[in-house]
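Asker: Input structure: run_31.cif, which contains mmCIF, N, CA and C atoms.
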```cif
data_upload
loop_
_atom_site.label_atom_id
_atom_site.label_comp_id
_atom_site.auth_asym_id
_atom_site.auth_seq_id
_atom_site.Cartn_x
_atom_site.Cartn_y
_atom_site.Cartn_z
N MET V 18 -54.48 104.89 69.06
CA MET V 18 -54.03 104.04 68.00
C MET V 18 -52.55 103.77 68.09
N SER V 19 -51.79 104.61 68.74
CA SER V 19 -50.36 104.40 68.81
C SER V 19 -50.03 103.15 69.61
N SER V 20 -50.97 102.64 70.41
CA SER V 20 -50.71 101.43 71.18
C SER V 20 -50.74 100.19 70.29
N LEU V 21 -51.24 100.32 69.09
CA LEU V 21 -51.26 99.18 68.17
C LEU V 21 -49.90 99.07 67.51
N SER V 22 -49.24 97.95 67.70
CA SER V 22 -47.94 97.81 67.05
C SER V 22 -48.06 96.88 65.86
N PRO V 23 -47.53 97.32 64.73
CA PRO V 23 -47.61 96.50 63.53
C PRO V 23 -46.74 95.27 63.65
N SER V 24 -47.15 94.22 62.99
CA SER V 24 -46.34 93.02 62.92
C SER V 24 -45.09 93.32 62.13
N PRO V 25 -43.92 92.84 62.56
CA PRO V 25 -42.70 93.11 61.80
C PRO V 25 -42.76 92.54 60.39
N VAL V 26 -43.53 91.46 60.21
CA VAL V 26 -43.63 90.84 58.89
C VAL V 26 -44.46 91.70 57.95
N ALA V 27 -45.49 92.32 58.46
CA ALA V 27 -46.42 93.09 57.62
C ALA V 27 -46.45 94.54 58.03
N ALA V 28 -45.29 95.13 58.25
CA ALA V 28 -45.23 96.50 58.76
C ALA V 28 -45.86 97.52 57.82
N ALA V 29 -45.59 97.45 56.54
CA ALA V 29 -46.10 98.45 55.60
C ALA V 29 -47.63 98.48 55.55
N PRO V 30 -48.31 97.34 55.38
CA PRO V 30 -49.77 97.39 55.38
C PRO V 30 -50.34 97.90 56.69
N TRP V 31 -49.74 97.50 57.82
CA TRP V 31 -50.24 97.95 59.11
C TRP V 31 -50.08 99.45 59.25
N ILE V 32 -48.93 99.97 58.88
CA ILE V 32 -48.71 101.41 59.01
C ILE V 32 -49.69 102.16 58.13
N GLY V 33 -49.90 101.70 56.91
CA GLY V 33 -50.86 102.34 56.01
C GLY V 33 -52.28 102.25 56.54
N ALA V 34 -52.65 101.08 57.05
CA ALA V 34 -53.99 100.89 57.61
C ALA V 34 -54.20 101.77 58.83
N GLN V 35 -53.19 101.86 59.68
CA GLN V 35 -53.30 102.72 60.85
C GLN V 35 -53.46 104.18 60.43
N ALA V 36 -52.75 104.59 59.39
CA ALA V 36 -52.86 105.97 58.90
C ALA V 36 -54.25 106.25 58.36
N VAL V 37 -54.84 105.28 57.66
CA VAL V 37 -56.19 105.45 57.13
C VAL V 37 -57.19 105.65 58.26
N VAL V 38 -57.15 104.77 59.25
CA VAL V 38 -58.11 104.84 60.35
C VAL V 38 -57.87 106.11 61.18
N ALA V 39 -56.61 106.43 61.44
CA ALA V 39 -56.31 107.64 62.22
C ALA V 39 -56.79 108.89 61.47
N SER V 40 -56.59 108.93 60.17
CA SER V 40 -57.04 110.09 59.38
C SER V 40 -58.56 110.23 59.41
N LEU V 41 -59.25 109.11 59.28
CA LEU V 41 -60.72 109.16 59.36
C LEU V 41 -61.16 109.72 60.71
N MET V 42 -60.59 109.19 61.76
CA MET V 42 -61.01 109.61 63.10
C MET V 42 -60.64 111.06 63.38
N GLN V 43 -59.48 111.50 62.91
CA GLN V 43 -59.10 112.90 63.09
C GLN V 43 -60.06 113.82 62.34
N GLY V 44 -60.63 113.32 61.25
CA GLY V 44 -61.61 114.09 60.49
C GLY V 44 -63.02 113.96 61.03
N GLY V 45 -63.18 113.25 62.14
CA GLY V 45 -64.50 113.10 62.75
C GLY V 45 -65.32 111.95 62.20
N VAL V 46 -64.73 111.11 61.37
CA VAL V 46 -65.45 109.96 60.81
C VAL V 46 -65.20 108.77 61.71
N THR V 47 -66.26 108.33 62.39
CA THR V 47 -66.14 107.22 63.33
C THR V 47 -67.12 106.09 63.04
N ARG V 48 -67.71 106.12 61.86
CA ARG V 48 -68.65 105.09 61.44
C ARG V 48 -68.33 104.70 60.00
N GLY V 49 -68.58 103.43 59.66
CA GLY V 49 -68.31 102.99 58.30
C GLY V 49 -69.12 101.77 57.92
N PHE V 50 -69.22 101.57 56.63
CA PHE V 50 -69.97 100.45 56.05
C PHE V 50 -69.11 99.87 54.94
N GLY V 51 -69.06 98.55 54.82
CA GLY V 51 -68.26 97.99 53.75
C GLY V 51 -68.12 96.49 53.80
N ILE V 52 -67.16 96.03 52.98
CA ILE V 52 -66.91 94.60 52.82
C ILE V 52 -65.41 94.34 52.96
N PRO V 53 -65.01 93.47 53.88
CA PRO V 53 -63.60 93.10 53.97
C PRO V 53 -63.18 92.33 52.71
N SER V 54 -61.98 92.59 52.25
CA SER V 54 -61.45 91.86 51.09
C SER V 54 -59.95 91.68 51.28
N ILE V 55 -59.35 90.96 50.40
CA ILE V 55 -57.92 90.68 50.49
C ILE V 55 -57.10 91.98 50.48
N HIS V 56 -57.57 93.00 49.78
CA HIS V 56 -56.79 94.23 49.66
C HIS V 56 -57.02 95.24 50.78
N ASN V 57 -58.09 95.11 51.53
CA ASN V 57 -58.33 96.07 52.62
C ASN V 57 -58.35 95.40 54.00
N ILE V 58 -57.91 94.15 54.05
CA ILE V 58 -57.99 93.41 55.31
C ILE V 58 -57.16 94.06 56.42
N ALA V 59 -56.05 94.71 56.08
CA ALA V 59 -55.24 95.37 57.11
C ALA V 59 -56.04 96.50 57.77
N ILE V 60 -56.85 97.21 56.98
CA ILE V 60 -57.71 98.26 57.55
C ILE V 60 -58.71 97.65 58.52
N TYR V 61 -59.30 96.52 58.12
CA TYR V 61 -60.26 95.85 59.00
C TYR V 61 -59.62 95.34 60.28
N GLU V 62 -58.37 94.90 60.19
CA GLU V 62 -57.67 94.47 61.40
C GLU V 62 -57.48 95.64 62.36
N VAL V 63 -57.18 96.82 61.83
CA VAL V 63 -57.05 98.00 62.68
C VAL V 63 -58.42 98.39 63.24
N LEU V 64 -59.44 98.42 62.40
CA LEU V 64 -60.79 98.78 62.86
C LEU V 64 -61.25 97.87 63.99
N ARG V 65 -60.91 96.60 63.90
CA ARG V 65 -61.30 95.63 64.92
C ARG V 65 -60.73 95.98 66.28
N ARG V 66 -59.62 96.70 66.29
CA ARG V 66 -58.93 97.05 67.54
C ARG V 66 -59.23 98.47 68.01
N VAL V 67 -60.11 99.16 67.30
CA VAL V 67 -60.44 100.55 67.66
C VAL V 67 -61.93 100.60 68.01
N PRO V 68 -62.27 100.43 69.28
CA PRO V 68 -63.69 100.39 69.66
C PRO V 68 -64.44 101.68 69.38
N ALA V 69 -63.75 102.80 69.27
CA ALA V 69 -64.41 104.08 69.01
C ALA V 69 -64.94 104.16 67.58
N PHE V 70 -64.50 103.27 66.70
CA PHE V 70 -64.97 103.27 65.32
C PHE V 70 -65.97 102.13 65.15
N GLN V 71 -67.20 102.47 64.81
CA GLN V 71 -68.23 101.45 64.57
C GLN V 71 -68.31 101.14 63.09
N HIS V 72 -68.38 99.86 62.77
CA HIS V 72 -68.42 99.44 61.38
C HIS V 72 -69.48 98.37 61.18
N TRP V 73 -70.17 98.47 60.06
CA TRP V 73 -71.17 97.48 59.71
C TRP V 73 -70.76 96.83 58.39
N ILE V 74 -70.74 95.51 58.38
CA ILE V 74 -70.43 94.77 57.15
C ILE V 74 -71.72 94.61 56.38
N VAL V 75 -71.66 94.93 55.09
CA VAL V 75 -72.82 94.81 54.21
C VAL V 75 -72.54 93.71 53.19
N ARG V 76 -73.53 93.38 52.38
CA ARG V 76 -73.37 92.29 51.43
C ARG V 76 -72.99 92.77 50.03
N HIS V 77 -72.96 94.07 49.81
CA HIS V 77 -72.70 94.61 48.48
C HIS V 77 -72.15 96.02 48.64
N GLU V 78 -71.17 96.39 47.84
CA GLU V 78 -70.57 97.72 47.96
C GLU V 78 -71.58 98.83 47.70
N GLN V 79 -72.54 98.59 46.84
CA GLN V 79 -73.57 99.60 46.59
C GLN V 79 -74.38 99.84 47.86
N ALA V 80 -74.65 98.79 48.60
CA ALA V 80 -75.37 98.93 49.87
C ALA V 80 -74.54 99.75 50.86
N ALA V 81 -73.23 99.56 50.85
CA ALA V 81 -72.37 100.35 51.74
C ALA V 81 -72.48 101.83 51.41
N GLY V 82 -72.49 102.15 50.12
CA GLY V 82 -72.62 103.54 49.70
C GLY V 82 -73.94 104.16 50.12
N TYR V 83 -75.01 103.43 49.90
CA TYR V 83 -76.32 103.96 50.29
C TYR V 83 -76.45 104.06 51.81
N ALA V 84 -75.84 103.11 52.53
CA ALA V 84 -75.89 103.15 54.00
C ALA V 84 -75.15 104.37 54.53
N ALA V 85 -73.98 104.67 53.96
CA ALA V 85 -73.22 105.85 54.39
C ALA V 85 -74.00 107.13 54.10
N ASP V 86 -74.63 107.17 52.94
CA ASP V 86 -75.46 108.32 52.56
C ASP V 86 -76.62 108.48 53.56
N ALA V 87 -77.30 107.38 53.85
CA ALA V 87 -78.44 107.42 54.78
C ALA V 87 -77.98 107.77 56.19
N TYR V 88 -76.82 107.28 56.58
CA TYR V 88 -76.30 107.58 57.91
C TYR V 88 -76.12 109.09 58.07
N TYR V 89 -75.55 109.73 57.06
CA TYR V 89 -75.37 111.19 57.15
C TYR V 89 -76.73 111.90 57.20
N ARG V 90 -77.65 111.49 56.36
CA ARG V 90 -78.96 112.15 56.32
C ARG V 90 -79.68 112.02 57.66
N ARG V 91 -79.48 110.91 58.34
CA ARG V 91 -80.17 110.68 59.61
C ARG V 91 -79.45 111.32 60.79
N SER V 92 -78.10 111.26 60.79
CA SER V 92 -77.36 111.71 61.97
C SER V 92 -76.63 113.03 61.78
N GLY V 93 -76.40 113.43 60.53
CA GLY V 93 -75.61 114.62 60.28
C GLY V 93 -74.11 114.38 60.40
N LYS V 94 -73.70 113.11 60.53
CA LYS V 94 -72.30 112.74 60.66
C LYS V 94 -71.85 111.95 59.44
N ILE V 95 -70.64 112.23 58.99
CA ILE V 95 -70.10 111.57 57.81
C ILE V 95 -69.69 110.14 58.15
N ALA V 96 -69.97 109.22 57.23
CA ALA V 96 -69.56 107.82 57.38
C ALA V 96 -68.67 107.44 56.20
N ALA V 97 -67.85 106.43 56.42
CA ALA V 97 -66.95 105.94 55.38
C ALA V 97 -67.56 104.72 54.69
N ILE V 98 -67.18 104.58 53.44
CA ILE V 98 -67.51 103.40 52.64
C ILE V 98 -66.20 102.66 52.42
N PHE V 99 -66.14 101.38 52.75
CA PHE V 99 -64.94 100.57 52.52
C PHE V 99 -65.25 99.61 51.39
N ALA V 100 -64.59 99.78 50.26
CA ALA V 100 -64.86 98.96 49.07
C ALA V 100 -63.65 98.11 48.72
N SER V 101 -63.92 96.98 48.10
CA SER V 101 -62.85 96.11 47.65
C SER V 101 -62.35 96.56 46.28
N THR V 102 -61.26 95.99 45.89
CA THR V 102 -60.59 96.35 44.65
C THR V 102 -61.41 96.01 43.41
N GLY V 103 -61.19 96.79 42.35
CA GLY V 103 -61.79 96.50 41.05
C GLY V 103 -63.28 96.72 41.02
N PRO V 104 -64.05 95.67 40.76
CA PRO V 104 -65.50 95.82 40.66
C PRO V 104 -66.13 96.40 41.92
N GLY V 105 -65.55 96.11 43.07
CA GLY V 105 -66.08 96.66 44.33
C GLY V 105 -66.09 98.17 44.33
N ASN V 106 -65.01 98.77 43.87
CA ASN V 106 -64.96 100.23 43.78
C ASN V 106 -65.99 100.74 42.77
N LEU V 107 -66.08 100.06 41.64
CA LEU V 107 -67.03 100.51 40.61
C LEU V 107 -68.47 100.44 41.10
N LEU V 108 -68.78 99.47 41.94
CA LEU V 108 -70.14 99.32 42.43
C LEU V 108 -70.56 100.45 43.37
N THR V 109 -69.62 101.27 43.80
CA THR V 109 -69.97 102.41 44.66
C THR V 109 -70.36 103.64 43.84
N LEU V 110 -70.20 103.60 42.53
CA LEU V 110 -70.43 104.80 41.73
C LEU V 110 -71.85 105.34 41.81
N VAL V 111 -72.85 104.47 41.76
CA VAL V 111 -74.24 104.95 41.79
C VAL V 111 -74.55 105.65 43.12
N PRO V 112 -74.25 105.03 44.28
CA PRO V 112 -74.52 105.76 45.52
C PRO V 112 -73.64 107.01 45.67
N LEU V 113 -72.43 106.99 45.13
CA LEU V 113 -71.60 108.20 45.19
C LEU V 113 -72.22 109.33 44.38
N LEU V 114 -72.78 108.98 43.23
CA LEU V 114 -73.47 110.00 42.42
C LEU V 114 -74.71 110.52 43.14
N GLU V 115 -75.42 109.64 43.81
CA GLU V 115 -76.58 110.06 44.61
C GLU V 115 -76.13 111.06 45.68
N SER V 116 -75.04 110.73 46.38
CA SER V 116 -74.51 111.63 47.40
C SER V 116 -74.07 112.96 46.82
N LEU V 117 -73.44 112.91 45.66
CA LEU V 117 -73.00 114.14 44.98
C LEU V 117 -74.20 115.02 44.62
N GLN V 118 -75.23 114.41 44.05
CA GLN V 118 -76.40 115.17 43.60
C GLN V 118 -77.20 115.75 44.75
N THR V 119 -77.17 115.10 45.89
CA THR V 119 -77.96 115.58 47.03
C THR V 119 -77.12 116.35 48.04
N GLY V 120 -75.82 116.46 47.78
CA GLY V 120 -74.95 117.21 48.68
C GLY V 120 -74.69 116.49 50.00
N THR V 121 -74.77 115.17 49.97
CA THR V 121 -74.54 114.36 51.16
C THR V 121 -73.07 113.95 51.19
N PRO V 122 -72.30 114.40 52.19
CA PRO V 122 -70.88 114.01 52.23
C PRO V 122 -70.68 112.58 52.71
N VAL V 123 -69.87 111.84 51.98
CA VAL V 123 -69.44 110.50 52.36
C VAL V 123 -67.96 110.39 52.00
N VAL V 124 -67.30 109.39 52.55
CA VAL V 124 -65.89 109.14 52.24
C VAL V 124 -65.75 107.73 51.71
N LEU V 125 -65.13 107.58 50.54
CA LEU V 125 -64.87 106.26 49.99
C LEU V 125 -63.42 105.89 50.25
N ILE V 126 -63.21 104.76 50.90
CA ILE V 126 -61.87 104.18 51.06
C ILE V 126 -61.86 102.96 50.16
N GLY V 127 -61.28 103.12 49.00
CA GLY V 127 -61.21 102.03 48.03
C GLY V 127 -59.78 101.60 47.83
N THR V 128 -59.59 100.31 47.65
CA THR V 128 -58.25 99.79 47.43
C THR V 128 -58.05 99.49 45.96
N ASN V 129 -56.83 99.20 45.60
CA ASN V 129 -56.53 98.88 44.21
C ASN V 129 -55.36 97.91 44.16
N VAL V 130 -55.09 97.40 42.98
CA VAL V 130 -53.94 96.53 42.79
C VAL V 130 -52.67 97.38 42.81
N ALA V 131 -51.54 96.75 42.90
CA ALA V 131 -50.26 97.46 42.94
C ALA V 131 -50.08 98.34 41.70
N THR V 132 -49.49 99.49 41.88
CA THR V 132 -49.28 100.43 40.78
C THR V 132 -48.55 99.78 39.61
N ALA V 133 -47.63 98.89 39.89
CA ALA V 133 -46.84 98.25 38.83
C ALA V 133 -47.71 97.45 37.86
N VAL V 134 -48.87 96.97 38.32
CA VAL V 134 -49.73 96.17 37.44
C VAL V 134 -51.04 96.89 37.08
N LEU V 135 -51.22 98.09 37.56
CA LEU V 135 -52.46 98.82 37.32
C LEU V 135 -52.66 99.08 35.83
N ASP V 136 -53.81 98.71 35.33
CA ASP V 136 -54.20 98.90 33.92
C ASP V 136 -53.24 98.24 32.94
N LYS V 137 -52.57 97.17 33.34
CA LYS V 137 -51.67 96.45 32.45
C LYS V 137 -52.33 95.17 31.91
N ASN V 138 -53.54 94.88 32.34
CA ASN V 138 -54.27 93.68 31.91
C ASN V 138 -53.44 92.41 32.10
N CYS V 139 -52.82 92.31 33.26
CA CYS V 139 -51.96 91.14 33.52
C CYS V 139 -52.60 90.17 34.50
N ALA V 140 -53.92 90.21 34.61
CA ALA V 140 -54.69 89.28 35.43
C ALA V 140 -54.39 89.41 36.92
N ALA V 141 -54.13 90.62 37.36
CA ALA V 141 -53.97 90.85 38.80
C ALA V 141 -55.31 90.59 39.48
N LEU V 142 -55.27 90.13 40.72
CA LEU V 142 -56.48 89.80 41.45
C LEU V 142 -57.45 90.98 41.50
N HIS V 143 -58.64 90.80 41.02
CA HIS V 143 -59.72 91.79 41.03
C HIS V 143 -59.45 93.01 40.14
N GLU V 144 -58.50 92.92 39.27
CA GLU V 144 -58.24 94.07 38.40
C GLU V 144 -59.38 94.22 37.40
N THR V 145 -59.87 95.43 37.26
CA THR V 145 -60.86 95.75 36.24
C THR V 145 -60.17 96.73 35.30
N PRO V 146 -59.81 96.30 34.10
CA PRO V 146 -59.06 97.18 33.20
C PRO V 146 -59.78 98.52 32.98
N GLY V 147 -59.01 99.59 33.14
CA GLY V 147 -59.54 100.93 32.93
C GLY V 147 -60.37 101.48 34.07
N SER V 148 -60.49 100.73 35.17
CA SER V 148 -61.36 101.18 36.26
C SER V 148 -60.87 102.46 36.91
N SER V 149 -59.58 102.72 36.88
CA SER V 149 -59.08 103.96 37.51
C SER V 149 -59.62 105.20 36.80
N LYS V 150 -59.95 105.06 35.53
CA LYS V 150 -60.49 106.21 34.78
C LYS V 150 -61.92 106.56 35.21
N SER V 151 -62.61 105.63 35.85
CA SER V 151 -63.99 105.86 36.27
C SER V 151 -64.10 106.87 37.40
N PHE V 152 -63.02 107.09 38.13
CA PHE V 152 -63.07 107.95 39.30
C PHE V 152 -62.45 109.32 39.06
N VAL V 153 -62.16 109.64 37.84
CA VAL V 153 -61.60 110.96 37.52
C VAL V 153 -62.75 111.87 37.13
N LEU V 154 -62.92 112.95 37.89
CA LEU V 154 -64.03 113.89 37.59
C LEU V 154 -63.57 114.94 36.63
#
```
Please, can you express the file's structure as structure tokens?

Answerer:
Amino acid sequence: MSSLSPSPVAAAPWIGAQAVVASLMQGGVTRGFGIPSIHNIAIYEVLRRVPAFQHWIVRHEQAAGYAADAYYRRSGKIAAIFASTGPGNLLTLVPLLESLQTGTPVVLIGTNVATAVLDKNCAALHETPGSSKSFVL
């Protein structure tokens, strides 16, 4: 991954995206399911350049969650779920609860709006007011 050089214009997203993919791979996660969106597109750009990571695009975040759960049950290997901001993250809750109840490990990589506008109800793209509270156990 070090051979990937970030664009000088978009250095911060590239560096963050590279860190996400590198962390997944260092943890043995080399498979994922999800939906590209405006907030996670930098991650998808990195994934596109890492042939060792296989990814399947699904049509719904809930499907990504169930696919990651099924992948572990079939292969014994953990898969990542890539969800879009706001409602996309919330749509992973049911499959995440299924994974929790059955002891199936999965990893959710969910994006969010900028901290400065989080839960401020200022019409940020894909903001779901109060959604951050849904993920606190």

Asker: Using only C-alpha atoms, find the one residue out of V:Leu117, V:Ala97, V:Val75, V:Ala81 that sits nearest to Ser40 in chain V.

Answerer: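 With only C-alpha atoms as the atom set, the closest residue is V:Ala97.
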
Asker: Return as a VMD selection string the set of residues that the PyMOL selection byres ((chain V and resi 122) around 6.5) yields on the displayed structure.

Answerer: chain V and resid 86 95 to 96 116 120 to 121 123 to 124

Asker: From the options V:Phe50, V:Tyr61, V:Tyr83, V:Trp73, which residue's atoms come nearest to Pro112 in chain V, counting all atoms listed in the file?

Answerer: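 The closest residue to Pro112 in chain V is V:Tyr83.
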
Asker: Please provide as a list in words all residues within 8 Å of His56 in chain V, with the sequence filter that same-chain residues fewer than 6 positions apart are discarded (counting only N, CA and C atoms).

Answerer: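 Using only N, CA and C atoms, the neighbours found are Ala100, Ser101, Thr102, Gly127, Thr128, Asn129 and Val130 of chain V.
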
Asker: Could you tell me which residues the PyMOL selection byres ((chain V and resi 70) around 7) grabs in this file, written as a PyMOL selection string?

Answerer: chain V and resi 46-49+64+67-69+71-72

Asker: For each of V:Ile52, V:Gly82, V:Val38, V:Trp31, take the minimum atom-to-atom distance to Val111 in chain V, counting only N, CA and C atoms, then give the residue where this is smallest.

Answerer: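 So, comparing all the options, the nearest one is V:Gly82.
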
Asker: DSSP on the backbone: what in range 74-119 of chain V comes out strand (DSSP E), as a list in words?

Answerer: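 Filtering range 74-119 of chain V down to strand (DSSP E) leaves Ile74, Ala97, Ile98, Phe99 and Ala100 of chain V.
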
Asker: Grab the atom N of Ile74 in chain V to atom C of Gly51 in chain V distance for me, in Å with one decimal place.

Answerer: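 Separating atom N of Ile74 in chain V from atom C of Gly51 in chain V is a distance of 5.4 Å.
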
Asker: With only C-alpha atoms as the atoms that count, which of V:Ser54, V:Gly105, V:Ala59, V:Leu113 lies nearest to Ala84 in chain V?

Answerer: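 Ranked by minimum distance to Ala84 in chain V, first place goes to V:Leu113.
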
Asker: Between CA of Gln35 in chain V and CA of Arg66 in chain V, what is the distance in Å, rounded to a tenth?

Answerer: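 CA of Gln35 in chain V sits 10.4 Å away from CA of Arg66 in chain V.
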
Asker: Give me the box for range 82-95 of chain V as AutoDock Vina command-line options, namely the centre and edge lengths in Å to one decimal of a box along x, y and z that holds every listed atom plus 4 Å on each side.

Answerer:
```
--center_x -74.9 --center_y 108.4 --center_z 55.8 --size_x 18.5 --size_y 20.5 --size_z 20.3
```

Asker: Rounded to one decimal in Å, what is the spacing between CA of Tyr89 in chain V and atom C of Ile55 in chain V?

Answerer: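 Computing the Euclidean distance for CA of Tyr89 in chain V and atom C of Ile55 in chain V yields 27.3 Å.
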
Asker: Going by DSSP on the backbone, which residues of range 75-131 of chain V come out as helix (DSSP H, G or I)? List them as a PyMOL selection string.

Answerer: chain V and resi 78-92+104-107+110-119

Asker: Could you write range 122-130 of chain V as a CSV table (one decimal), in the coordinates of the input, with all heavy atoms rebuilt where they are missing?

Answerer:
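That gives us result.csv:
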```
chain,number,residue,atom,x,y,z
V,122,PRO,N,-72.3,114.4,52.2
V,122,PRO,CA,-70.9,114.0,52.2
V,122,PRO,C,-70.7,112.6,52.7
V,122,PRO,O,-71.3,112.1,53.7
V,122,PRO,CB,-70.3,115.0,53.2
V,122,PRO,CG,-71.4,115.4,54.1
V,122,PRO,CD,-72.7,115.3,53.2
V,123,VAL,N,-69.9,111.8,52.0
V,123,VAL,CA,-69.4,110.5,52.4
V,123,VAL,C,-68.0,110.4,52.0
V,123,VAL,O,-67.5,111.2,51.2
V,123,VAL,CB,-70.2,109.4,51.7
V,123,VAL,CG1,-71.7,109.4,52.1
V,123,VAL,CG2,-70.1,109.5,50.1
V,124,VAL,N,-67.3,109.4,52.6
V,124,VAL,CA,-65.9,109.1,52.2
V,124,VAL,C,-65.8,107.7,51.7
V,124,VAL,O,-66.2,106.8,52.3
V,124,VAL,CB,-65.0,109.3,53.5
V,124,VAL,CG1,-63.6,109.0,53.2
V,124,VAL,CG2,-65.1,110.7,54.1
V,125,LEU,N,-65.1,107.6,50.5
V,125,LEU,CA,-64.9,106.3,50.0
V,125,LEU,C,-63.4,105.9,50.2
V,125,LEU,O,-62.5,106.6,49.9
V,125,LEU,CB,-65.1,106.2,48.5
V,125,LEU,CG,-64.7,104.9,47.8
V,125,LEU,CD1,-65.4,103.7,48.3
V,125,LEU,CD2,-64.8,105.1,46.2
V,126,ILE,N,-63.2,104.8,50.9
V,126,ILE,CA,-61.9,104.2,51.1
V,126,ILE,C,-61.9,103.0,50.2
V,126,ILE,O,-62.4,101.9,50.5
V,126,ILE,CB,-61.6,103.8,52.5
V,126,ILE,CG1,-61.8,105.0,53.5
V,126,ILE,CG2,-60.2,103.2,52.6
V,126,ILE,CD1,-60.8,106.1,53.3
V,127,GLY,N,-61.3,103.1,49.0
V,127,GLY,CA,-61.2,102.0,48.0
V,127,GLY,C,-59.8,101.6,47.8
V,127,GLY,O,-58.9,102.4,47.9
V,128,THR,N,-59.6,100.3,47.6
V,128,THR,CA,-58.2,99.8,47.4
V,128,THR,C,-58.0,99.5,46.0
V,128,THR,O,-59.0,99.5,45.2
V,128,THR,CB,-58.0,98.5,48.3
V,128,THR,OG1,-59.1,97.6,47.9
V,128,THR,CG2,-58.1,98.8,49.7
V,129,ASN,N,-56.8,99.2,45.6
V,129,ASN,CA,-56.5,98.9,44.2
V,129,ASN,C,-55.4,97.9,44.2
V,129,ASN,O,-54.7,97.7,45.2
V,129,ASN,CB,-56.2,100.2,43.4
V,129,ASN,CG,-56.6,100.0,42.0
V,129,ASN,OD1,-56.8,98.9,41.4
V,129,ASN,ND2,-56.8,101.1,41.3
V,130,VAL,N,-55.1,97.4,43.0
V,130,VAL,CA,-53.9,96.5,42.8
V,130,VAL,C,-52.7,97.4,42.8
V,130,VAL,O,-52.7,98.6,42.7
V,130,VAL,CB,-54.0,95.7,41.5
V,130,VAL,CG1,-55.2,94.8,41.5
V,130,VAL,CG2,-54.1,96.7,40.3
```
